[in-house]
>>> print(open('query-v7.cif').read())   # mmCIF, C-alpha atoms
data_structure
#
loop_
_atom_site.group_PDB
_atom_site.id
_atom_site.type_symbol
_atom_site.label_atom_id
_atom_site.label_comp_id
_atom_site.auth_asym_id
_atom_site.auth_seq_id
_atom_site.Cartn_x
_atom_site.Cartn_y
_atom_site.Cartn_z
ATOM 1 C CA MET A 209 24.933 -15.102 26.618
ATOM 2 C CA GLU A 210 21.278 -15.941 26.919
ATOM 3 C CA GLY A 211 20.281 -12.592 25.449
ATOM 4 C CA GLU A 212 22.558 -13.203 22.472
ATOM 5 C CA LEU A 213 21.022 -16.628 22.010
ATOM 6 C CA VAL A 214 17.542 -15.120 21.993
ATOM 7 C CA GLN A 215 18.661 -12.509 19.470
ATOM 8 C CA MET A 216 20.217 -15.189 17.278
ATOM 9 C CA GLY A 217 16.953 -17.124 17.385
ATOM 10 C CA ALA A 218 15.037 -13.979 16.480
ATOM 11 C CA TYR A 219 17.302 -13.294 13.498
ATOM 12 C CA ILE A 220 17.086 -16.888 12.255
ATOM 13 C CA GLY A 221 13.334 -16.748 12.687
ATOM 14 C CA ALA A 222 13.161 -13.477 10.759
ATOM 15 C CA GLY A 223 15.079 -15.066 7.903
ATOM 16 C CA LEU A 224 12.808 -18.101 7.917
ATOM 17 C CA ALA A 225 9.710 -15.900 7.980
ATOM 18 C CA CYS A 226 10.884 -14.344 4.721
ATOM 19 C CA LEU A 227 10.391 -17.734 3.039
ATOM 20 C CA GLY A 228 6.667 -16.993 3.235
ATOM 21 C CA MET A 229 7.173 -14.204 0.740
ATOM 22 C CA GLY A 230 8.161 -16.840 -1.812
ATOM 23 C CA GLY A 231 4.679 -18.303 -1.497
ATOM 24 C CA ALA A 232 3.178 -14.894 -2.115
ATOM 25 C CA GLY A 233 5.441 -14.567 -5.153
ATOM 26 C CA ILE A 234 4.088 -17.835 -6.547
ATOM 27 C CA GLY A 235 0.549 -16.639 -5.894
ATOM 28 C CA VAL A 236 1.035 -13.261 -7.568
ATOM 29 C CA GLY A 237 2.716 -14.906 -10.545
ATOM 30 C CA HIS A 238 -0.166 -17.351 -10.832
ATOM 31 C CA VAL A 239 -2.746 -14.559 -10.884
ATOM 32 C CA ALA A 240 -0.827 -12.454 -13.406
ATOM 33 C CA GLY A 241 0.024 -15.423 -15.617
ATOM 34 C CA ASN A 242 -3.542 -16.635 -15.742
ATOM 35 C CA TYR A 243 -4.745 -13.124 -16.475
ATOM 36 C CA LEU A 244 -2.344 -12.908 -19.406
ATOM 37 C CA ALA A 245 -3.371 -16.343 -20.673
ATOM 38 C CA GLY A 246 -7.013 -15.323 -20.525
ATOM 39 C CA ALA A 247 -6.309 -11.940 -22.074
ATOM 40 C CA LEU A 248 -4.534 -13.535 -25.034
ATOM 41 C CA ARG A 249 -7.478 -15.836 -25.678
ATOM 42 C CA ASN A 250 -9.990 -12.996 -25.567
ATOM 43 C CA PRO A 251 -8.201 -9.656 -25.854
ATOM 44 C CA SER A 252 -11.414 -7.645 -26.112
ATOM 45 C CA ALA A 253 -12.517 -8.738 -22.631
ATOM 46 C CA ALA A 254 -9.147 -7.994 -21.013
ATOM 47 C CA PRO A 255 -9.475 -4.258 -20.189
ATOM 48 C CA GLY A 256 -12.634 -4.860 -18.166
ATOM 49 C CA GLN A 257 -10.851 -7.357 -15.927
ATOM 50 C CA THR A 258 -7.766 -5.384 -14.924
ATOM 51 C CA ALA A 259 -9.475 -4.299 -11.687
ATOM 52 C CA PHE A 260 -9.930 -7.953 -10.731
ATOM 53 C CA LEU A 261 -6.313 -8.607 -11.676
ATOM 54 C CA PHE A 262 -5.146 -6.029 -9.174
ATOM 55 C CA ILE A 263 -7.587 -7.160 -6.481
ATOM 56 C CA GLY A 264 -6.375 -10.742 -6.928
ATOM 57 C CA ILE A 265 -2.748 -9.666 -6.795
ATOM 58 C CA ALA A 266 -3.431 -7.594 -3.686
ATOM 59 C CA PHE A 267 -5.077 -10.496 -1.866
ATOM 60 C CA ALA A 268 -2.326 -12.939 -2.828
ATOM 61 C CA GLU A 269 0.255 -10.412 -1.770
ATOM 62 C CA ALA A 270 -1.365 -9.814 1.636
ATOM 63 C CA LEU A 271 -0.183 -13.204 2.930
ATOM 64 C CA GLY A 272 3.378 -12.475 1.912
ATOM 65 C CA ILE A 273 3.072 -9.195 3.760
ATOM 66 C CA PHE A 274 2.087 -11.072 6.918
ATOM 67 C CA SER A 275 5.342 -13.015 6.772
ATOM 68 C CA PHE A 276 7.175 -9.735 6.221
ATOM 69 C CA LEU A 277 5.381 -8.409 9.298
ATOM 70 C CA VAL A 278 6.498 -11.420 11.340
ATOM 71 C CA ALA A 279 10.071 -10.814 10.186
ATOM 72 C CA LEU A 280 9.846 -7.145 11.158
ATOM 73 C CA LEU A 281 8.412 -8.016 14.570
ATOM 74 C CA LEU A 282 11.226 -10.475 15.188
ATOM 75 C CA MET A 283 13.829 -7.933 14.125
ATOM 76 C CA PHE A 284 12.551 -4.902 16.005
ATOM 77 C CA ALA A 285 9.908 -5.843 18.560
ATOM 78 C CA VAL A 286 11.065 -9.104 20.199
ATOM 79 C CA MET B 911 18.850 -4.415 12.832
ATOM 80 C CA ALA B 912 22.203 -4.357 14.645
ATOM 81 C CA ASP B 913 24.774 -1.584 14.290
ATOM 82 C CA GLY B 914 25.582 -2.089 10.587
ATOM 83 C CA THR B 915 28.957 -3.807 11.023
ATOM 84 C CA SER B 916 29.261 -4.952 7.382
ATOM 85 C CA GLY B 917 32.174 -3.836 5.222
ATOM 86 C CA PHE B 918 30.009 -1.473 3.200
ATOM 87 C CA ASN B 919 28.508 0.189 6.282
ATOM 88 C CA ILE B 920 25.116 0.711 4.676
ATOM 89 C CA LYS B 921 22.320 1.889 6.940
ATOM 90 C CA PRO B 922 19.213 1.473 4.805
ATOM 91 C CA MET B 923 16.748 2.086 7.644
ATOM 92 C CA ASP B 924 18.143 5.474 8.693
ATOM 93 C CA GLN B 925 16.051 7.296 6.102
ATOM 94 C CA PHE B 926 12.858 6.391 7.981
ATOM 95 C CA THR B 927 13.838 8.180 11.208
ATOM 96 C CA VAL B 928 11.389 10.828 12.356
ATOM 97 C CA LYS B 929 13.382 13.972 13.164
ATOM 98 C CA PRO B 930 12.223 17.350 14.477
ATOM 99 C CA LEU B 931 12.716 20.038 11.836
ATOM 100 C CA PHE B 932 14.172 22.698 14.126
ATOM 101 C CA GLY B 933 16.745 20.746 16.166
ATOM 102 C CA GLY B 934 16.295 18.840 19.398
ATOM 103 C CA ASP B 935 15.551 15.168 19.883
ATOM 104 C CA VAL B 936 12.222 15.156 21.679
ATOM 105 C CA VAL B 937 9.152 14.649 19.501
ATOM 106 C CA HIS B 938 5.910 15.886 21.058
ATOM 107 C CA TRP B 939 2.607 15.623 19.266
ATOM 108 C CA TYR B 940 2.912 19.274 18.210
ATOM 109 C CA THR B 941 6.585 19.176 17.129
ATOM 110 C CA PRO B 942 7.063 19.963 13.430
ATOM 111 C CA THR B 943 9.024 16.988 12.072
ATOM 112 C CA ASN B 944 10.074 15.822 8.634
ATOM 113 C CA VAL B 945 6.832 13.807 8.545
ATOM 114 C CA THR B 946 4.794 16.964 9.050
ATOM 115 C CA LEU B 947 6.782 18.746 6.359
ATOM 116 C CA TRP B 948 6.320 16.063 3.715
ATOM 117 C CA MET B 949 2.659 15.596 4.541
ATOM 118 C CA ALA B 950 2.144 19.328 4.127
ATOM 119 C CA LEU B 951 3.982 19.160 0.790
ATOM 120 C CA THR B 952 1.705 16.270 -0.224
ATOM 121 C CA VAL B 953 -1.380 18.342 0.526
ATOM 122 C CA LEU B 954 0.207 21.247 -1.344
ATOM 123 C CA ALA B 955 0.856 19.052 -4.382
ATOM 124 C CA VAL B 956 -2.725 17.769 -4.361
ATOM 125 C CA THR B 957 -3.997 21.331 -4.146
ATOM 126 C CA ALA B 958 -1.671 22.404 -6.941
ATOM 127 C CA LEU B 959 -2.965 19.687 -9.254
ATOM 128 C CA MET B 960 -6.641 19.961 -8.411
ATOM 129 C CA VAL B 961 -7.145 23.688 -7.767
ATOM 130 C CA TRP B 962 -4.365 25.421 -9.660
ATOM 131 C CA GLY B 963 -4.271 22.851 -12.465
ATOM 132 C CA SER B 964 -7.943 23.165 -13.303
ATOM 133 C CA ARG B 965 -8.360 26.891 -12.548
ATOM 134 C CA GLY B 966 -8.871 27.815 -16.215
ATOM 135 C CA ARG B 967 -11.861 25.492 -16.736
ATOM 136 C CA ALA B 968 -10.967 25.594 -20.421
ATOM 137 C CA LEU B 969 -12.972 23.662 -22.982
ATOM 138 C CA VAL B 970 -9.706 22.550 -24.535
ATOM 139 C CA PRO B 971 -7.767 21.627 -21.400
ATOM 140 C CA THR B 972 -4.169 22.544 -20.726
ATOM 141 C CA ARG B 973 -1.750 19.832 -19.682
ATOM 142 C CA GLY B 974 -2.359 20.434 -15.991
ATOM 143 C CA GLN B 975 -6.093 20.459 -16.402
ATOM 144 C CA SER B 976 -6.210 17.274 -18.449
ATOM 145 C CA LEU B 977 -4.027 15.568 -15.843
ATOM 146 C CA ALA B 978 -6.493 16.574 -13.122
ATOM 147 C CA GLU B 979 -9.439 15.513 -15.284
ATOM 148 C CA MET B 980 -7.858 12.168 -16.129
ATOM 149 C CA THR B 981 -7.236 11.426 -12.450
ATOM 150 C CA TYR B 982 -10.801 12.384 -11.615
ATOM 151 C CA GLY B 983 -12.270 10.288 -14.412
ATOM 152 C CA PHE B 984 -10.055 7.328 -13.619
ATOM 153 C CA ILE B 985 -11.101 7.168 -9.967
ATOM 154 C CA TYR B 986 -14.752 7.893 -10.801
ATOM 155 C CA LYS B 987 -14.827 4.955 -13.190
ATOM 156 C CA MET B 988 -13.091 2.738 -10.630
ATOM 157 C CA VAL B 989 -15.687 3.534 -7.964
ATOM 158 C CA GLU B 990 -18.493 2.920 -10.437
ATOM 159 C CA ASP B 991 -17.060 -0.361 -11.750
ATOM 160 C CA VAL B 992 -15.868 -1.921 -8.514
ATOM 161 C CA ALA B 993 -18.218 -0.608 -5.831
ATOM 162 C CA GLY B 994 -21.326 -0.058 -7.937
ATOM 163 C CA ARG B 995 -23.358 2.948 -9.029
ATOM 164 C CA ASP B 996 -24.780 3.686 -5.580
ATOM 165 C CA ALA B 997 -21.255 4.025 -4.178
ATOM 166 C CA VAL B 998 -20.709 7.185 -6.212
ATOM 167 C CA ARG B 999 -21.778 9.367 -3.258
ATOM 168 C CA PHE B 1000 -18.604 8.183 -1.478
ATOM 169 C CA PHE B 1001 -16.482 9.210 -4.436
ATOM 170 C CA PRO B 1002 -15.020 12.329 -2.727
ATOM 171 C CA TYR B 1003 -13.610 10.215 0.113
ATOM 172 C CA ILE B 1004 -12.088 7.651 -2.235
ATOM 173 C CA MET B 1005 -10.688 10.357 -4.494
ATOM 174 C CA THR B 1006 -9.102 12.000 -1.426
ATOM 175 C CA ILE B 1007 -7.494 8.730 -0.380
ATOM 176 C CA PHE B 1008 -6.124 8.100 -3.867
ATOM 177 C CA VAL B 1009 -4.574 11.515 -4.469
ATOM 178 C CA PHE B 1010 -3.133 11.684 -0.953
ATOM 179 C CA VAL B 1011 -1.521 8.234 -1.086
ATOM 180 C CA PHE B 1012 -0.397 8.766 -4.682
ATOM 181 C CA PHE B 1013 1.357 12.058 -3.973
ATOM 182 C CA ALA B 1014 2.815 10.835 -0.677
ATOM 183 C CA ASN B 1015 4.315 7.838 -2.509
ATOM 184 C CA VAL B 1016 5.626 9.807 -5.464
ATOM 185 C CA LEU B 1017 7.000 12.725 -3.441
ATOM 186 C CA GLY B 1018 8.844 10.191 -1.292
ATOM 187 C CA LEU B 1019 10.812 9.148 -4.369
ATOM 188 C CA ILE B 1020 12.538 12.526 -4.594
ATOM 189 C CA PRO B 1021 16.103 12.055 -3.311
ATOM 190 C CA PHE B 1022 16.438 13.054 0.373
ATOM 191 C CA ALA B 1023 12.667 13.203 0.673
ATOM 192 C CA PHE B 1024 10.800 11.487 3.470
ATOM 193 C CA THR B 1025 8.192 8.900 2.504
ATOM 194 C CA THR B 1026 5.316 9.453 4.908
ATOM 195 C CA THR B 1027 3.508 6.335 3.682
ATOM 196 C CA SER B 1028 6.473 4.134 4.650
ATOM 197 C CA HIS B 1029 5.388 4.481 8.284
ATOM 198 C CA ILE B 1030 2.775 2.026 9.486
ATOM 199 C CA ALA B 1031 1.417 4.730 11.811
ATOM 200 C CA VAL B 1032 0.392 6.800 8.775
ATOM 201 C CA THR B 1033 -1.060 3.985 6.693
ATOM 202 C CA ALA B 1034 -2.757 2.439 9.737
ATOM 203 C CA VAL B 1035 -4.703 5.647 10.323
ATOM 204 C CA LEU B 1036 -5.799 5.668 6.667
ATOM 205 C CA ALA B 1037 -6.766 1.982 6.762
ATOM 206 C CA LEU B 1038 -8.500 2.185 10.140
ATOM 207 C CA ALA B 1039 -10.509 5.171 8.945
ATOM 208 C CA VAL B 1040 -11.663 3.112 5.968
ATOM 209 C CA PHE B 1041 -12.388 0.082 8.172
ATOM 210 C CA LEU B 1042 -14.416 2.037 10.750
ATOM 211 C CA THR B 1043 -16.284 4.012 8.077
ATOM 212 C CA VAL B 1044 -17.203 0.888 6.171
ATOM 213 C CA THR B 1045 -18.263 -1.065 9.260
ATOM 214 C CA ALA B 1046 -20.358 1.813 10.607
ATOM 215 C CA LEU B 1047 -21.879 2.334 7.168
ATOM 216 C CA GLY B 1048 -22.820 -1.336 6.916
ATOM 217 C CA PHE B 1049 -24.621 -1.281 10.251
ATOM 218 C CA ILE B 1050 -26.319 2.060 9.541
ATOM 219 C CA LEU B 1051 -27.582 0.984 6.116
ATOM 220 C CA HIS B 1052 -28.526 -2.617 6.895
ATOM 221 C CA GLY B 1053 -28.776 -2.878 10.683
ATOM 222 C CA ALA B 1054 -28.201 -6.369 12.021
ATOM 223 C CA SER B 1055 -28.568 -7.907 8.568
ATOM 224 C CA PHE B 1056 -25.111 -6.541 7.793
ATOM 225 C CA LEU B 1057 -23.910 -9.676 9.628
ATOM 226 C CA LYS B 1058 -25.148 -11.693 6.632
ATOM 227 C CA LEU B 1059 -21.788 -10.718 5.153
ATOM 228 C CA PHE B 1060 -20.287 -13.466 7.327
ATOM 229 C CA TRP B 1061 -22.999 -16.049 6.645
ATOM 230 C CA VAL B 1062 -22.265 -17.519 3.207
ATOM 231 C CA SER B 1063 -25.763 -18.595 2.186
ATOM 232 C CA SER B 1064 -24.582 -20.257 -1.016
ATOM 233 C CA ALA B 1065 -22.449 -22.801 0.876
ATOM 234 C CA PRO B 1066 -23.757 -26.151 2.224
ATOM 235 C CA LEU B 1067 -25.253 -25.767 5.705
ATOM 236 C CA PRO B 1068 -22.644 -27.788 7.676
ATOM 237 C CA LEU B 1069 -19.853 -25.679 6.189
ATOM 238 C CA ARG B 1070 -21.419 -22.324 7.023
ATOM 239 C CA PRO B 1071 -20.251 -21.971 10.671
ATOM 240 C CA VAL B 1072 -16.671 -22.741 9.614
ATOM 241 C CA LEU B 1073 -16.902 -20.281 6.754
ATOM 242 C CA ALA B 1074 -18.436 -17.699 9.096
ATOM 243 C CA LEU B 1075 -15.445 -18.015 11.416
ATOM 244 C CA ILE B 1076 -13.029 -17.601 8.511
ATOM 245 C CA GLU B 1077 -15.007 -14.640 7.176
ATOM 246 C CA VAL B 1078 -14.965 -12.914 10.565
ATOM 247 C CA ILE B 1079 -11.207 -13.396 10.912
ATOM 248 C CA SER B 1080 -10.561 -12.177 7.389
ATOM 249 C CA TYR B 1081 -12.800 -9.170 8.031
ATOM 250 C CA PHE B 1082 -10.766 -8.072 11.025
ATOM 251 C CA VAL B 1083 -7.462 -8.744 9.287
ATOM 252 C CA ARG B 1084 -8.452 -6.289 6.531
ATOM 253 C CA PRO B 1085 -7.122 -3.096 8.158
ATOM 254 C CA VAL B 1086 -3.869 -4.905 9.022
ATOM 255 C CA SER B 1087 -3.152 -6.085 5.487
ATOM 256 C CA HIS B 1088 -4.554 -2.876 4.009
ATOM 257 C CA SER B 1089 -2.074 -0.714 5.942
ATOM 258 C CA ILE B 1090 0.968 -2.969 6.013
ATOM 259 C CA ARG B 1091 0.817 -3.634 2.266
ATOM 260 C CA LEU B 1092 1.347 0.035 1.503
ATOM 261 C CA ALA B 1093 3.875 0.716 4.277
ATOM 262 C CA GLY B 1094 5.792 -2.505 3.551
ATOM 263 C CA ALA B 1095 6.020 -1.912 -0.179
ATOM 264 C CA MET B 1096 7.227 1.654 0.320
ATOM 265 C CA MET B 1097 9.705 0.794 3.073
ATOM 266 C CA ALA B 1098 11.141 -2.264 1.308
ATOM 267 C CA GLY B 1099 11.599 -0.429 -1.988
ATOM 268 C CA HIS B 1100 13.365 2.540 -0.423
ATOM 269 C CA ALA B 1101 15.588 0.307 1.706
ATOM 270 C CA VAL B 1102 16.623 -1.692 -1.377
ATOM 271 C CA ALA B 1103 17.384 1.518 -3.285
ATOM 272 C CA LYS B 1104 19.548 2.688 -0.382
ATOM 273 C CA VAL B 1105 21.426 -0.633 -0.262
ATOM 274 C CA PHE B 1106 22.192 -0.487 -3.994
ATOM 275 C CA ALA B 1107 23.261 3.134 -3.703
ATOM 276 C CA GLY B 1108 25.587 2.073 -0.882
ATOM 277 C CA PHE B 1109 27.155 -0.561 -3.159
ATOM 278 C CA ALA B 1110 28.062 2.167 -5.645
ATOM 279 C CA ALA B 1111 30.396 3.705 -3.071
ATOM 280 C CA GLY B 1112 31.958 0.339 -2.220
ATOM 281 C CA VAL B 1113 32.918 -1.161 -5.594
ATOM 282 C CA GLY B 1114 35.355 1.501 -6.832
ATOM 283 C CA ALA B 1115 35.930 1.577 -10.602
ATOM 284 C CA ALA B 1116 32.861 -0.542 -11.349
ATOM 285 C CA PHE B 1117 30.635 2.121 -9.791
ATOM 286 C CA PHE B 1118 28.470 2.462 -12.915
ATOM 287 C CA VAL B 1119 27.009 -1.027 -12.516
ATOM 288 C CA PRO B 1120 25.179 -0.242 -9.247
ATOM 289 C CA ILE B 1121 24.200 3.165 -10.603
ATOM 290 C CA LEU B 1122 22.517 1.507 -13.599
ATOM 291 C CA ALA B 1123 20.859 -0.888 -11.168
ATOM 292 C CA VAL B 1124 19.640 2.015 -9.039
ATOM 293 C CA THR B 1125 18.229 3.736 -12.124
ATOM 294 C CA ALA B 1126 16.300 0.604 -13.098
ATOM 295 C CA LEU B 1127 15.185 0.147 -9.509
ATOM 296 C CA TYR B 1128 14.019 3.742 -9.386
ATOM 297 C CA ALA B 1129 11.820 3.188 -12.422
ATOM 298 C CA LEU B 1130 10.400 0.086 -10.759
ATOM 299 C CA GLU B 1131 9.795 2.059 -7.571
ATOM 300 C CA LEU B 1132 7.851 4.675 -9.522
ATOM 301 C CA LEU B 1133 5.657 1.875 -10.870
ATOM 302 C CA VAL B 1134 5.236 0.415 -7.370
ATOM 303 C CA ALA B 1135 4.309 3.829 -5.948
ATOM 304 C CA VAL B 1136 1.508 4.235 -8.496
ATOM 305 C CA ILE B 1137 0.308 0.632 -8.237
ATOM 306 C CA GLN B 1138 0.231 0.681 -4.436
ATOM 307 C CA ALA B 1139 -1.859 3.863 -4.455
ATOM 308 C CA TYR B 1140 -4.173 2.179 -6.978
ATOM 309 C CA VAL B 1141 -4.387 -1.016 -4.921
ATOM 310 C CA PHE B 1142 -5.076 0.899 -1.704
ATOM 311 C CA THR B 1143 -7.923 2.741 -3.423
ATOM 312 C CA ILE B 1144 -9.392 -0.275 -5.178
ATOM 313 C CA LEU B 1145 -9.439 -2.253 -1.916
ATOM 314 C CA THR B 1146 -11.295 0.635 -0.308
ATOM 315 C CA CYS B 1147 -13.850 0.299 -3.116
ATOM 316 C CA VAL B 1148 -14.104 -3.463 -2.527
ATOM 317 C CA TYR B 1149 -14.719 -2.988 1.205
ATOM 318 C CA LEU B 1150 -17.247 -0.291 0.430
ATOM 319 C CA LYS B 1151 -19.086 -2.656 -1.886
ATOM 320 C CA ASP B 1152 -19.285 -5.219 0.929
ATOM 321 C CA ALA B 1153 -20.869 -2.610 3.204
ATOM 322 C CA LEU B 1154 -23.395 -1.539 0.569
ATOM 323 C CA HIS B 1155 -24.339 -5.072 -0.519
ATOM 324 C CA PRO B 1156 -23.508 -7.415 2.370
ATOM 325 C CA ALA B 1157 -25.562 -10.443 1.230
ATOM 326 C CA HIS B 1158 -23.531 -12.937 -0.782
#
>>> encode(input="query-v7.cif", output="C-alpha cells")
Amino acid sequence: MEGELVQMGAYIGAGLACLGMGGAGIGVGHVAGNYLAGALRNPSAAPGQTAFLFIGIAFAEALGIFSFLVALLLMFAV
Amino acid sequence: MADGTSGFNIKPMDQFTVKPLFGGDVVHWYTPTNVTLWMALTVLAVTALMVWGSRGRALVPTRGQSLAEMTYGFIYKMVEDVAGRDAVRFFPYIMTIFVFVFFANVLGLIPFAFTTTSHIAVTAVLALAVFLTVTALGFILHGASFLKLFWVSSAPLPLRPVLALIEVISYFVRPVSHSIRLAGAMMAGHAVAKVFAGFAAGVGAAFFVPILAVTALYALELLVAVIQAYVFTILTCVYLKDALHPAH
C-alpha cells in the first residue's frame, strides 16, 4: 500500500515535471520568433546570425531538458 | 514505466534495451552488444564518407566527394566563426564529434536500428570529454587567470560574487545539459515514433492516418537528428571559446 502510494506520487510528480517543458517551449519560440522578426527587417544580416539562433535555442531548451530529466528520474530511479 | 497495461499494448521504451548480439543475458564490458554493432557501423559510415568518398581527389568532385567537402567546410567555418581563428587547431576534434554524432543519429533512424546516442551513457562520455578537455585547456593556457571566466568584470562590484556563484553553477551544469539534450531529443523522438506506429495497429480501417503521421514525424526526426548534431558541435565550439578567451 505504502509502496503504491509512493509510486503514485512519483508518477504524478513526473507528470508535473513535464510542465517545465512548456516553459522551454515558450523560450525557444521567443528566440526563433525574434530571430525571424530581426531577419525580416534586415535580411542581409540574417545568415551571419544563425549560429547565435541555435545557441540561444540550445540554452533555452536546456532548462526544459532538466525538467525532462526530473521526470525520467521520478519514473525510473525513485 | 509500468508493464504497459493499456489497450494498445505499446512498449515504446523496449527499443532502447541493450542486448548481447550472440545470445545470453549477461552484458560484460567486452560483450558485443547491439550498441557495439551500431557504433561500429557509425565509424564505418564516417570512414566511407571521408576516406572512400574523397579517394579520387578530383578537381571536379563527384557527389560523394562534394558531400565530404561540404561537411568539412561547414564545420571549419563554424569553428572559425564561433570559437575564433585560433581555435582552428582543435578543428579535427570538433569535426570528429560532429560526424560521429551526426551518423549515430541518422543511422538510428533506420527501422530496427539502435540509436547509440539515445543512451545517456554514450552522450555523457562525449560531453564529459569535451568538458574535461576544455577545462584542462583553460588552465594550461591561462593558469589561474582562467578563473576570470567566473568573475564578470563588467558587472557592478556588489553583484559580482552573486554572478560568480551563478557562473560556477552554470559551468558545472554544462556537461549535464550538453549530454542530456542529445540523449533526450533522440530518445523522445524515437519513443513518439514507436507510439504512433503502435496506433496504426490499433485503429483498424483508419490505419493510414497514423501511417501518414509517422511519415511526417519521421521527416521531423531527420531534421532533429541533424540539428542536434549541429547543436552539440556548436556548443563544443562555444565552450572552447570560453577556454581560449576566458576574460569577459
>>> closest_residue(input="query-v7.cif", among="B:Leu1130, B:Leu1145, B:Leu1154, B:Ala1014", to="chain A", atoms="all atoms listed in the file")
B:Leu1145
>>> closest_residue(input="query-v7.cif", among="B:Thr946, B:Phe1109, B:Ala1037, B:Val1044", to="Ala997 (chain B)", atoms="all atoms listed in the file")
B:Val1044
>>> residues_around(input="query-v7.cif", residues="Gln257 (chain A)", least_positions_apart="6", cutoff="12 Å", atoms="only C-alpha atoms", output="number ranges by chain")
A: 239-240, 242-244, 246-247, 250-251, 263-264; B: 988, 991-992
>>> residues_near_point(input="query-v7.cif", point="(10.4, 17.5, 2.8)", cutoff="8 Å", atoms="only C-alpha atoms", output="number ranges by chain")
B: 944-945, 947-948, 951, 1022-1024
>>> closest_atom_pairs(input="query-v7.cif", of="chain A", to="chain B", cutoff="8 Å", atoms="only C-alpha atoms", output="JSON lines")
{"residue": "A:Ala259", "atom": "CA", "partner": "B:Val992", "partner_atom": "CA", "distance": 7.5}
{"residue": "A:Phe262", "atom": "CA", "partner": "B:Val1141", "partner_atom": "CA", "distance": 6.6}
{"residue": "A:Ile263", "atom": "CA", "partner": "B:Leu1145", "partner_atom": "CA", "distance": 7.0}
{"residue": "A:Ala266", "atom": "CA", "partner": "B:Val1141", "partner_atom": "CA", "distance": 6.8}
{"residue": "A:Glu269", "atom": "CA", "partner": "B:Arg1091", "partner_atom": "CA", "distance": 7.9}
{"residue": "A:Ala270", "atom": "CA", "partner": "B:Ser1087", "partner_atom": "CA", "distance": 5.7}
{"residue": "A:Ile273", "atom": "CA", "partner": "B:Arg1091", "partner_atom": "CA", "distance": 6.2}
{"residue": "A:Phe274", "atom": "CA", "partner": "B:Ser1087", "partner_atom": "CA", "distance": 7.4}
{"residue": "A:Phe276", "atom": "CA", "partner": "B:Gly1094", "partner_atom": "CA", "distance": 7.8}
{"residue": "A:Leu277", "atom": "CA", "partner": "B:Ile1090", "partner_atom": "CA", "distance": 7.7}
{"residue": "A:Met283", "atom": "CA", "partner": "B:Met911", "partner_atom": "CA", "distance": 6.3}
{"residue": "A:Phe284", "atom": "CA", "partner": "B:Met911", "partner_atom": "CA", "distance": 7.1}
>>> residues_around(input="query-v7.cif", residues="Gln925 (chain B)", least_positions_apart="6", cutoff="12 Å", atoms="all atoms listed in the file", output="ChimeraX atom specification")
/B:944-945,1018-1019,1021-1026,1028-1029,1096-1098,1100-1105
>>> closest_residue(input="query-v7.cif", among="B:Ile1079, B:Val1124, B:Val1113, B:Met960", to="Phe1010 (chain B)", atoms="all atoms listed in the file")
B:Met960
>>> residues_around(input="query-v7.cif", residues="Ala268 (chain A)", least_positions_apart="6", cutoff="6 Å", atoms="only C-alpha atoms", output="count of residues only")
3
>>> residues_near_point(input="query-v7.cif", point="(-7.1, 5.6, -0.6)", cutoff="7 Å", atoms="all atoms listed in the file", output="VMD selection string")
chain B and resid 1004 1006 to 1008 1011 1139 1142 to 1143 1146
>>> closest_residue(input="query-v7.cif", among="B:Thr1033, B:Asn1015, B:Trp1061, B:His938", to="Glu1131 (chain B)", atoms="all atoms listed in the file")
B:Asn1015
>>> resolve_selection(input="query-v7.cif", expression="the PyMOL selection byres ((chain A and resi 220-229) around 6)", output="list in words")
Gly217, Ala218, Tyr219, Gly230, Gly231, Ala232, Gly272, Ser275, Ala279 and Leu282 of chain A
>>> write_last_selection(input="query-v7.cif", atoms="C-alpha atoms", output="PDB file, in the frame of the given file")
ATOM      1  CA  GLY A 217      16.953 -17.124  17.385  1.00  0.00           C
ATOM      2  CA  ALA A 218      15.037 -13.979  16.480  1.00  0.00           C
ATOM      3  CA  TYR A 219      17.302 -13.294  13.498  1.00  0.00           C
ATOM      4  CA  GLY A 230       8.161 -16.840  -1.812  1.00  0.00           C
ATOM      5  CA  GLY A 231       4.679 -18.303  -1.497  1.00  0.00           C
ATOM      6  CA  ALA A 232       3.178 -14.894  -2.115  1.00  0.00           C
ATOM      7  CA  GLY A 272       3.378 -12.475   1.912  1.00  0.00           C
ATOM      8  CA  SER A 275       5.342 -13.015   6.772  1.00  0.00           C
ATOM      9  CA  ALA A 279      10.071 -10.814  10.186  1.00  0.00           C
ATOM     10  CA  LEU A 282      11.226 -10.475  15.188  1.00  0.00           C
TER      11      LEU A 282
END
>>> residues_around(input="query-v7.cif", residues="Ser1063 (chain B)", least_positions_apart="4", cutoff="12 Å", atoms="all atoms listed in the file", output="ChimeraX atom specification")
/B:1057-1059,1067-1071,1073-1074,1156-1158
